[in-house]
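Let me begin by presenting the structure, written as structure tokens, before commenting on it.
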Amino acid sequence: MRRILCRAFGEPRDLEVVDEPGPRPGAGEVLVEVEAIGTSFVDALIVRGGYQLRPELPFTPGSAVVGRVTDGAGVAPGTRVAAVMMGFGAYASHVVLPADGVAVVPQDVPGAVAATALENYSTLLFAVTRRVPVAAEDRVVVLGAGGGIGLAAVDVARSRGAHVVAVASSAEKQDAARAAGAEHAIGYDDLKNAIREHTDGGADLVIDPVGGAAAESALRALRPSGRFAVLGFASGEIPKLPANVMLIGNRSVIGVDWGDWARTSPAAATALLGEVLDGVARGELRPPVPAVRPLEEAGDVLTLFGERAVTGKVALVP
């Protein structure tokens, strides 16, 4: 088998490709020949040592994987499955997974699409079904809407009948957000007033995976009883949100940590993966077709994520 190895936290281009004997499944496990692997900005942060989770070195990055079962018990050989590996290790040609931790991939769903949708769409479905329910006609604002998590937020909100305003830093990313279902796409200039203008006076919900200076402006653009969902801090800056703005108008700030929930509720998280894949198969969810790169180019792909030079998603294929 081949896998990507990180021996020390640092630049993604220092990642190595190693060849070694393949793993064998143990009791309750299956061996999967990998078809596609999801990549993300978070993967780049982890390799650099800048994420809150720091795996023990050396390690293989990556979490989202799709492939075909070749050995083991509990899942029929030949079944296409998907999983999110909470302990990392997805950047490989073969992986061992718990048999009760995989979801079946519908035959009509391409492997690269499934792999790049798993984490982002699970996060957003968790958000809108467990943390900040979205109703038809809600006015939803998505910050960082040109990235993978932002495009998933636009698509999931659209699928639930919301009116979506996408906020993105470039014309290219705004176009991608419109293609995902945003009714309006705007930049970050004069953000509070721009949001109010495009939401008829204020947003019902802001989804923020970015943080930084834009967060407070977006918070101030909420209508009374509006909600502000914190998904992450891709900008690298954790905002200090003013409590008085939350108090006025009964606004709420709500954390959305799908990863923590998935680690503590693995059966529910696997079921949610199935919901994502079934939604894609039915056409209710429309994740973008990702760019595809060979596994050996993992370092180059993660470097681009770190430079904010990726629009949409990228899948690695062994």
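FYI, nothing fancy with the structure tokens labels: chains A, B, ... in order, residues from 1 per chain, ligands from 1 as they appear.
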Leaving out Pro61 of chain A and any residue of its chain fewer than 5 positions from it, which residues lie within 6 Å of it when counting only C-alpha atoms, given as a list in words?
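That gives Phe88, Gly89 and Tyr91 of chain A.
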Please identify all polymer residues within 12 Å of Ala309 of chain A, counting only C-alpha atoms, omitting same-chain residues fewer than 6 positions from it, and present them as a PyMOL selection string.
chain A and resi 40-41+146-148+169-170+172-173+300-303
In terms of the shortest atom-to-atom distance over only C-alpha atoms, which of A:Leu295, A:Leu205, A:Val81, A:Val109 is closest to Arg251 of chain A?
A:Leu205
If you run DSSP on this backbone, which residues of segment 148-268 of chain A come out as alpha helix (DSSP H), and could you give them as a PyMOL selection string?
chain A and resi 148-159+171-180+191-198+214-220+243-247+258-264+266-268
Keeping only N, CA and C atoms, write the selected residues to a file as a short mmCIF file (atom, residue, chain, number, x, y, z; two decimals), in the first residue's frame.
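Okay, this is what ended up in result-v1.cif:
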data_model
loop_
_atom_site.label_atom_id
_atom_site.label_comp_id
_atom_site.auth_asym_id
_atom_site.auth_seq_id
_atom_site.Cartn_x
_atom_site.Cartn_y
_atom_site.Cartn_z
N GLY A 148 -15.01 25.17 0.86
CA GLY A 148 -15.75 23.93 0.90
C GLY A 148 -16.88 23.94 1.90
N ILE A 149 -16.61 24.38 3.15
CA ILE A 149 -17.66 24.39 4.17
C ILE A 149 -18.70 25.45 3.83
N GLY A 150 -18.28 26.58 3.26
CA GLY A 150 -19.22 27.63 2.89
C GLY A 150 -20.15 27.20 1.78
N LEU A 151 -19.62 26.54 0.77
CA LEU A 151 -20.47 26.06 -0.33
C LEU A 151 -21.46 25.00 0.16
N ALA A 152 -21.02 24.16 1.09
CA ALA A 152 -21.94 23.19 1.68
C ALA A 152 -23.04 23.89 2.45
N ALA A 153 -22.69 24.95 3.18
CA ALA A 153 -23.69 25.71 3.93
C ALA A 153 -24.72 26.32 3.00
N VAL A 154 -24.27 26.90 1.90
CA VAL A 154 -25.19 27.47 0.92
C VAL A 154 -26.14 26.39 0.40
N ASP A 155 -25.59 25.25 0.03
CA ASP A 155 -26.40 24.19 -0.57
C ASP A 155 -27.40 23.62 0.42
N VAL A 156 -26.96 23.36 1.65
CA VAL A 156 -27.86 22.78 2.64
C VAL A 156 -28.98 23.76 2.99
N ALA A 157 -28.64 25.04 3.17
CA ALA A 157 -29.68 26.03 3.47
C ALA A 157 -30.66 26.14 2.30
N ARG A 158 -30.13 26.14 1.07
CA ARG A 158 -31.01 26.17 -0.11
C ARG A 158 -31.95 24.98 -0.13
N SER A 159 -31.42 23.80 0.20
CA SER A 159 -32.23 22.59 0.14
C SER A 159 -33.38 22.62 1.13
N ALA A 171 -14.68 37.54 -6.91
CA ALA A 171 -15.75 37.31 -7.88
C ALA A 171 -15.87 35.83 -8.21
N GLU A 172 -14.73 35.13 -8.31
CA GLU A 172 -14.77 33.71 -8.61
C GLU A 172 -15.50 32.93 -7.52
N LYS A 173 -15.21 33.24 -6.25
CA LYS A 173 -15.86 32.54 -5.16
C LYS A 173 -17.33 32.92 -5.05
N GLN A 174 -17.67 34.15 -5.36
CA GLN A 174 -19.07 34.55 -5.36
C GLN A 174 -19.84 33.82 -6.46
N ASP A 175 -19.23 33.65 -7.61
CA ASP A 175 -19.87 32.89 -8.69
C ASP A 175 -20.11 31.44 -8.27
N ALA A 176 -19.14 30.86 -7.56
CA ALA A 176 -19.30 29.48 -7.09
C ALA A 176 -20.46 29.38 -6.10
N ALA A 177 -20.61 30.39 -5.25
CA ALA A 177 -21.70 30.39 -4.28
C ALA A 177 -23.05 30.52 -4.97
N ARG A 178 -23.12 31.36 -5.99
CA ARG A 178 -24.38 31.47 -6.76
C ARG A 178 -24.72 30.13 -7.41
N ALA A 179 -23.71 29.47 -7.95
CA ALA A 179 -23.95 28.17 -8.58
C ALA A 179 -24.44 27.14 -7.57
N ALA A 180 -24.04 27.30 -6.30
CA ALA A 180 -24.48 26.38 -5.25
C ALA A 180 -25.88 26.68 -4.75
N LEU A 191 -20.10 45.39 5.50
CA LEU A 191 -20.81 44.12 5.55
C LEU A 191 -22.16 44.22 6.26
N LYS A 192 -22.21 44.90 7.39
CA LYS A 192 -23.47 44.96 8.14
C LYS A 192 -24.59 45.53 7.26
N ASN A 193 -24.32 46.65 6.61
CA ASN A 193 -25.36 47.28 5.79
C ASN A 193 -25.68 46.46 4.55
N ALA A 194 -24.65 45.82 3.98
CA ALA A 194 -24.88 44.99 2.79
C ALA A 194 -25.78 43.80 3.13
N ILE A 195 -25.55 43.18 4.29
CA ILE A 195 -26.40 42.06 4.70
C ILE A 195 -27.83 42.53 4.91
N ARG A 196 -28.00 43.64 5.61
CA ARG A 196 -29.35 44.14 5.87
C ARG A 196 -30.07 44.47 4.55
N GLU A 197 -29.32 45.00 3.60
CA GLU A 197 -29.93 45.34 2.32
C GLU A 197 -30.44 44.10 1.59
N HIS A 198 -29.69 43.01 1.66
CA HIS A 198 -30.03 41.82 0.88
C HIS A 198 -30.89 40.83 1.66
N ALA A 214 -14.98 40.11 10.28
CA ALA A 214 -16.31 40.08 9.68
C ALA A 214 -17.38 39.57 10.64
N ALA A 215 -16.99 38.82 11.64
CA ALA A 215 -17.98 38.18 12.51
C ALA A 215 -18.85 39.21 13.23
N GLU A 216 -18.24 40.23 13.82
CA GLU A 216 -19.04 41.21 14.55
C GLU A 216 -19.98 41.97 13.63
N SER A 217 -19.51 42.32 12.44
CA SER A 217 -20.38 43.02 11.50
C SER A 217 -21.59 42.17 11.15
N ALA A 218 -21.36 40.87 10.93
CA ALA A 218 -22.47 39.99 10.59
C ALA A 218 -23.40 39.79 11.78
N LEU A 219 -22.85 39.70 12.97
CA LEU A 219 -23.68 39.60 14.17
C LEU A 219 -24.61 40.80 14.30
N ARG A 220 -24.09 41.98 14.04
CA ARG A 220 -24.90 43.20 14.14
C ARG A 220 -25.97 43.28 13.06
N ALA A 243 -21.23 41.15 24.01
CA ALA A 243 -22.40 40.56 24.65
C ALA A 243 -23.61 41.47 24.55
N ASN A 244 -23.41 42.79 24.51
CA ASN A 244 -24.57 43.68 24.44
C ASN A 244 -25.33 43.53 23.13
N VAL A 245 -24.62 43.19 22.04
CA VAL A 245 -25.30 43.00 20.76
C VAL A 245 -26.16 41.73 20.81
N MET A 246 -25.70 40.72 21.55
CA MET A 246 -26.51 39.51 21.72
C MET A 246 -27.74 39.81 22.57
N LEU A 247 -27.57 40.60 23.60
CA LEU A 247 -28.67 40.93 24.50
C LEU A 247 -29.76 41.69 23.77
N TRP A 258 -19.44 19.60 15.04
CA TRP A 258 -19.82 18.26 14.59
C TRP A 258 -18.78 17.23 14.98
N GLY A 259 -17.49 17.58 14.91
CA GLY A 259 -16.44 16.62 15.19
C GLY A 259 -16.54 16.06 16.60
N ASP A 260 -16.75 16.92 17.59
CA ASP A 260 -16.87 16.47 18.97
C ASP A 260 -18.10 15.58 19.13
N TRP A 261 -19.22 15.99 18.51
CA TRP A 261 -20.43 15.18 18.57
C TRP A 261 -20.21 13.83 17.93
N ALA A 262 -19.52 13.79 16.77
CA ALA A 262 -19.28 12.54 16.07
C ALA A 262 -18.40 11.60 16.88
N ARG A 263 -17.42 12.15 17.58
CA ARG A 263 -16.54 11.30 18.40
C ARG A 263 -17.29 10.71 19.59
N THR A 264 -18.24 11.45 20.16
CA THR A 264 -18.96 10.97 21.33
C THR A 264 -20.24 10.22 20.98
N PRO A 266 -20.77 8.01 17.92
CA PRO A 266 -20.34 7.46 16.62
C PRO A 266 -21.48 6.82 15.83
N ALA A 267 -22.40 6.13 16.48
CA ALA A 267 -23.50 5.50 15.73
C ALA A 267 -24.38 6.55 15.07
N ALA A 268 -24.68 7.63 15.80
CA ALA A 268 -25.49 8.70 15.23
C ALA A 268 -24.75 9.40 14.10
#
Neighbours of Val42 of chain A within 10 Å (only C-alpha atoms; same-chain residues fewer than 5 positions away dropped), as a list in words?
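So the residues in contact are Val47, Arg48, Gly50, Tyr51, Gly62, Gly232, Ala234, Leu302, Phe305 and Gly306 of chain A.
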Excluding Ala315 of chain A and any residue of its chain fewer than 3 positions from it, enumerate the residues within 9 Å of it, using only C-alpha atoms, and give them as a PyMOL selection string.
chain A and resi 36-39+112-113+115-116+290-295
Enumerate the residues of segment 10-228 of chain A with a DSSP assignment of strand (DSSP E or B), computed from the backbone, and present them as a PDB file with C-alpha atoms, in the first residue's frame.
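Listing of out29.pdb after writing:
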ATOM      1  CA  GLU A  16       6.345  11.943   2.219  1.00  0.00           C
ATOM      2  CA  VAL A  17       4.892   9.109   0.153  1.00  0.00           C
ATOM      3  CA  VAL A  18       5.776   5.718   1.611  1.00  0.00           C
ATOM      4  CA  ASP A  19       5.251   2.168   0.328  1.00  0.00           C
ATOM      5  CA  GLU A  29     -13.148  -4.371  11.015  1.00  0.00           C
ATOM      6  CA  VAL A  30     -13.072  -4.240   7.217  1.00  0.00           C
ATOM      7  CA  LEU A  31     -10.256  -3.566   4.781  1.00  0.00           C
ATOM      8  CA  VAL A  32     -11.138  -0.943   2.180  1.00  0.00           C
ATOM      9  CA  GLU A  33      -9.394  -0.285  -1.113  1.00  0.00           C
ATOM     10  CA  VAL A  34      -9.602   3.479  -1.384  1.00  0.00           C
ATOM     11  CA  GLU A  35     -11.369   5.104  -4.324  1.00  0.00           C
ATOM     12  CA  ALA A  36     -11.202   8.774  -3.252  1.00  0.00           C
ATOM     13  CA  ILE A  37     -10.156  10.904  -0.298  1.00  0.00           C
ATOM     14  CA  GLY A  38     -11.549  14.254   0.776  1.00  0.00           C
ATOM     15  CA  PHE A  59       0.905  10.220  11.256  1.00  0.00           C
ATOM     16  CA  ALA A  64     -12.902  11.428   4.731  1.00  0.00           C
ATOM     17  CA  VAL A  65     -12.584   8.295   2.634  1.00  0.00           C
ATOM     18  CA  VAL A  66     -14.606   6.312   0.090  1.00  0.00           C
ATOM     19  CA  GLY A  67     -13.691   2.885  -1.209  1.00  0.00           C
ATOM     20  CA  ARG A  68     -14.660  -0.734  -1.731  1.00  0.00           C
ATOM     21  CA  VAL A  69     -14.559  -3.433   0.945  1.00  0.00           C
ATOM     22  CA  THR A  70     -12.080  -6.190   0.074  1.00  0.00           C
ATOM     23  CA  ASP A  71     -11.792  -8.155   3.335  1.00  0.00           C
ATOM     24  CA  GLY A  72     -13.167  -8.442   6.846  1.00  0.00           C
ATOM     25  CA  ARG A  80     -18.813   0.740  -1.688  1.00  0.00           C
ATOM     26  CA  VAL A  81     -18.553   2.471   1.669  1.00  0.00           C
ATOM     27  CA  ALA A  82     -17.684   5.845   3.145  1.00  0.00           C
ATOM     28  CA  ALA A  83     -16.357   6.841   6.534  1.00  0.00           C
ATOM     29  CA  VAL A  84     -14.861   9.716   8.462  1.00  0.00           C
ATOM     30  CA  ALA A  92      -3.680   6.084   1.767  1.00  0.00           C
ATOM     31  CA  HIS A  94      -5.924   1.076   1.717  1.00  0.00           C
ATOM     32  CA  VAL A  95      -7.472   1.686   5.137  1.00  0.00           C
ATOM     33  CA  VAL A  96      -8.930  -0.456   7.910  1.00  0.00           C
ATOM     34  CA  LEU A  97     -12.282   0.752   9.267  1.00  0.00           C
ATOM     35  CA  PRO A  98     -14.731  -0.465  11.913  1.00  0.00           C
ATOM     36  CA  ALA A 103     -22.061   4.065   5.456  1.00  0.00           C
ATOM     37  CA  VAL A 104     -23.006   2.495   2.140  1.00  0.00           C
ATOM     38  CA  ARG A 139     -32.860  34.504   5.470  1.00  0.00           C
ATOM     39  CA  VAL A 140     -29.489  32.795   5.889  1.00  0.00           C
ATOM     40  CA  VAL A 141     -26.115  34.500   5.478  1.00  0.00           C
ATOM     41  CA  VAL A 142     -23.013  32.367   4.880  1.00  0.00           C
ATOM     42  CA  HIS A 163     -33.070  32.539   1.012  1.00  0.00           C
ATOM     43  CA  VAL A 164     -29.264  32.507   1.025  1.00  0.00           C
ATOM     44  CA  VAL A 165     -26.878  35.452   0.913  1.00  0.00           C
ATOM     45  CA  ALA A 166     -23.293  34.346   0.300  1.00  0.00           C
ATOM     46  CA  VAL A 167     -20.327  36.419   1.449  1.00  0.00           C
ATOM     47  CA  HIS A 184     -27.191  36.984  -3.658  1.00  0.00           C
ATOM     48  CA  ALA A 185     -23.388  36.991  -3.394  1.00  0.00           C
ATOM     49  CA  ILE A 186     -21.539  39.951  -1.879  1.00  0.00           C
ATOM     50  CA  ALA A 203     -30.648  37.898   8.739  1.00  0.00           C
ATOM     51  CA  ASP A 204     -32.426  35.117  10.622  1.00  0.00           C
ATOM     52  CA  LEU A 205     -29.204  33.107  10.729  1.00  0.00           C
ATOM     53  CA  VAL A 206     -25.524  33.752  10.059  1.00  0.00           C
ATOM     54  CA  ILE A 207     -23.291  30.718   9.467  1.00  0.00           C
ATOM     55  CA  ASP A 208     -19.676  31.629  10.185  1.00  0.00           C
ATOM     56  CA  LEU A 222     -29.075  39.878  12.610  1.00  0.00           C
ATOM     57  CA  ARG A 223     -32.749  40.687  12.996  1.00  0.00           C
ATOM     58  CA  PRO A 224     -34.375  40.301  16.464  1.00  0.00           C
ATOM     59  CA  SER A 225     -34.142  36.680  17.700  1.00  0.00           C
ATOM     60  CA  GLY A 226     -31.559  35.997  14.994  1.00  0.00           C
ATOM     61  CA  ARG A 227     -28.941  33.302  15.485  1.00  0.00           C
ATOM     62  CA  PHE A 228     -25.212  33.321  14.836  1.00  0.00           C
TER      63      PHE A 228
END
Find, counting only C-alpha atoms, the residue in A:Leu285, A:Leu5, A:Ala27, A:Val132 that gets nearest to Leu118 of chain A.
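Smallest distance to Leu118 of chain A is found for A:Leu285.
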For atom CA of Val317 of chain A and atom CA of Gly26 of chain A, determine how far apart the two atoms are, in Å to one decimal place.
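Atom-to-atom, atom CA of Val317 of chain A and atom CA of Gly26 of chain A are spaced 25.1 Å apart.
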What separates atom CA of Ala221 of chain A and atom CA of Gly255 of chain A is a distance of 18.4 Å
